[in-house]
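A.B. asks: Just passing along the structure, written as structure tokens.
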Amino acid sequence: MAAGTIALIIVLIVVVLAVIGTAASIATRRRRLRDRFGPEYDRVAAELSSRRLAEAELTDRKHRVASYELRPLSDEACEKYSARWSQVQEQFVETPSEAVGEAQALIEAVMRERGYPATGYQQTLEDLSVEHAPVLEHYRAAHAACEKAAADGAGTSASTEELREAMISYRELFSQLLGRAPAAGQR
Amino acid sequence: MAAQTERPPESGIRVTSADDMETANDALAESQPEMAPGSPATYAQPAEDDRWRDIMAGFVDDPRGAVQAATDRVEDEVSALMALLSEHRERLLAATSGDAEAHTEEMRKALLAYRDFSGEIAKNVRSLS
């Protein structure tokens with residue numbers, strides 16, 4: 001066989017290996033992103049109508065959140081926030097709407113103390129999706145109920161049951177951010 | 001009965017109790033209209049003026065008798081109240097069909113009413129001791 005032919009075969013083999021390698025690493029990255037982001041992956045992919053764009057977006061988020069250098073809360077801070085949560089949960093019976101608003105504010109406070117900027121809702125949602133994808137749907141639902149309650153008087157206020165469910169959703173996220181369950185009201 | 005404690009006429013303990021019970025009962029009735037007096041439970045309005053006025057009038061001639069009549073009266077009312085509370089709770093907790101959202105709201109209001117009611121009871125217990 002001529003040297004030229006051998007060289008060509010080698011080049012082809014290298015190219016094929018490179019293609020396989022690239023495909024494999026793309027697949028790995030995709031799997032990792034799906035594992036990390038769960039349903040959020042599918043949602044963003046659907047929204048952007050492209051898995052490639054979705055992966056770029058999610059990778060951006062990952063890097064952004066990594067740049068925050070998140071830190072866990074001190075035991076003291078955990079205690080403080082847990083106690084505050086109990087108060088808010090008690091308050092629910094008297095003023096459900098206000099309590100849900102307080103819960104949201106408390107979550108934002110915890111987020112900031114951990115290192116998230118926690119500015120607008122949309123960005124907060126995106127930031128949370130990196131570490132807390134499983135509870136993201138809860139957070140969305142709770143936020144929606146909160147908005148509904150705030151719009152009270154415009155004809156579509158949230159029902160007590162919706163607000164109760166929002167509290168539970170918020171508590172899910174809250175306990176994940178704290179790294180442990182807050183002192184619950186049920187004894 | 002223990003030694004008679006001298007109470008100045010202006011303290012009007014019994015009247016106060018009746019009024020407070022009425023306030024508490026009204027609070028409960030307002031939040032739960034179906035449990036207002038006249039409903040299946042036998043709890044009747046306390047300050048039925050004529051019956052209490054008779055008891056009050058009897059004091060001058062027979063203080064012990066008046067006290068006996070008054071406490072009997074209040075004991076009956078408390079029994080009726082306990083039956084009312086039982087019935088009320090049964091109804092609240094048994095409701096399974098219907099609008100779940102409205103029911104949560106109903107239970108929330110009931111919870112507040114019970115807490116306030118408990119406060120009224122505590123006030124009355126304090127005023128008696």
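Chains: A, B, ... in order of the structure tokens. Residues: from 1 per chain. Ligands: from 1, in order shown.
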With only C-alpha atoms counted and 10 Å as the cut-off, give the residues of chain B in contact with chain A, each with its shortest interatomic distance in Å and the pair that gives it, as a Markdown table.
C.D. replies:
| residue | atom | partner | partner_atom | distance |
| --- | --- | --- | --- | --- |
| B:Ala100 | CA | A:Glu161 | CA | 7.6 |
| B:Glu101 | CA | A:Glu161 | CA | 5.0 |
| B:Ala102 | CA | A:Ser159 | CA | 7.8 |
| B:His103 | CA | A:Glu161 | CA | 8.4 |
| B:Thr104 | CA | A:Glu161 | CA | 5.7 |
| B:Glu105 | CA | A:Thr160 | CA | 5.5 |
| B:Glu106 | CA | A:Thr160 | CA | 9.3 |
| B:Met107 | CA | A:Val93 | CA | 9.5 |
| B:Arg108 | CA | A:Val93 | CA | 5.9 |
| B:Lys109 | CA | A:Val93 | CA | 8.0 |
| B:Ala110 | CA | A:Val93 | CA | 10.0 |
| B:Leu111 | CA | A:Val93 | CA | 7.6 |
| B:Leu112 | CA | A:Glu94 | CA | 7.1 |
A.B. asks: Between A:Ala145, A:Leu73, A:Met111, A:Ala150, which residue has the minimum interatomic distance to A:Arg180, considering only C-alpha atoms?
C.D. replies: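 Using only C-alpha atoms, A:Arg180 sits closest to A:Leu73.
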A.B. asks: Could you give me, as a compact mmCIF listing (two decimals) with C-alpha atoms, in the first residue's frame, the residues within 9 Å of A:Leu70, counting only C-alpha atoms and dropping anything in the same chain fewer than 5 positions from it?
C.D. replies:
# COMPACT_ATOMS: atom_id res chain seq x y z
CA VAL A 65 -23.89 30.89 40.25
CA GLU A 113 -27.04 35.71 53.25
CA ARG A 114 -25.90 32.65 51.36
CA GLY A 115 -24.44 34.75 48.58
CA TYR A 116 -27.13 35.04 45.94
A.B. asks: Could you name the residues that touch stretch 67-70 of chain B at 8 Å or less, counting only C-alpha atoms, but leaving out those on the same chain fewer than 4 positions away, as an MDAnalysis selection string?
C.D. replies: chainID B and resid 52 55 59 63 74
A.B. asks: Identify all residues of stretch 113-163 of chain A in alpha helix (DSSP H) (DSSP on the backbone) and supply them as an MDAnalysis selection string.
C.D. replies: chainID A and resid 113:114 121:132 136:150 160:163
A.B. asks: Pick out the residues sitting within 10 Å of stretch 33-44 of chain A, and hand them over as a PyMOL selection string; count only C-alpha atoms, and ignore anything fewer than 5 positions along from it in its own chain.
C.D. replies: chain A and resi 27-28+49-51+53-55+57-59+62+126+129-134+136-137
A.B. asks: Those residues with C-alpha atoms, as a PDB file, in the first residue's frame please?
C.D. replies:
ATOM      1  CA  ALA A  27     -23.593  13.545  25.206  1.00  0.00           C
ATOM      2  CA  THR A  28     -21.889  13.497  28.592  1.00  0.00           C
ATOM      3  CA  SER A  49     -36.698  25.326  20.740  1.00  0.00           C
ATOM      4  CA  SER A  50     -33.151  24.043  20.785  1.00  0.00           C
ATOM      5  CA  ARG A  51     -31.216  21.750  23.059  1.00  0.00           C
ATOM      6  CA  LEU A  53     -29.197  26.848  23.040  1.00  0.00           C
ATOM      7  CA  ALA A  54     -30.687  25.468  26.222  1.00  0.00           C
ATOM      8  CA  GLU A  55     -27.396  23.868  27.165  1.00  0.00           C
ATOM      9  CA  GLU A  57     -28.076  28.974  28.717  1.00  0.00           C
ATOM     10  CA  LEU A  58     -27.885  26.446  31.520  1.00  0.00           C
ATOM     11  CA  THR A  59     -24.110  26.350  31.382  1.00  0.00           C
ATOM     12  CA  LYS A  62     -23.938  27.327  36.276  1.00  0.00           C
ATOM     13  CA  GLU A 126     -32.632  31.062  37.151  1.00  0.00           C
ATOM     14  CA  SER A 129     -32.362  26.309  39.195  1.00  0.00           C
ATOM     15  CA  VAL A 130     -28.660  25.515  39.386  1.00  0.00           C
ATOM     16  CA  GLU A 131     -28.635  24.094  42.905  1.00  0.00           C
ATOM     17  CA  HIS A 132     -32.320  23.599  43.624  1.00  0.00           C
ATOM     18  CA  ALA A 133     -33.950  22.476  40.396  1.00  0.00           C
ATOM     19  CA  PRO A 134     -36.300  19.974  42.099  1.00  0.00           C
ATOM     20  CA  LEU A 136     -38.243  25.180  41.298  1.00  0.00           C
ATOM     21  CA  GLU A 137     -41.792  24.310  40.325  1.00  0.00           C
TER      22      GLU A 137
END
A.B. asks: Please report the interatomic distance between atom CA of A:Leu177 and atom CA of A:Ser82 in Å with one decimal.
C.D. replies: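 About the pair atom CA of A:Leu177 and atom CA of A:Ser82: they are 11.4 Å apart.
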A.B. asks: What gap, in Å, lies between atom CA of B:Ser86 and atom CA of B:Asp49?
C.D. replies: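 Going from atom CA of B:Ser86 over to atom CA of B:Asp49 covers 27.3 Å.
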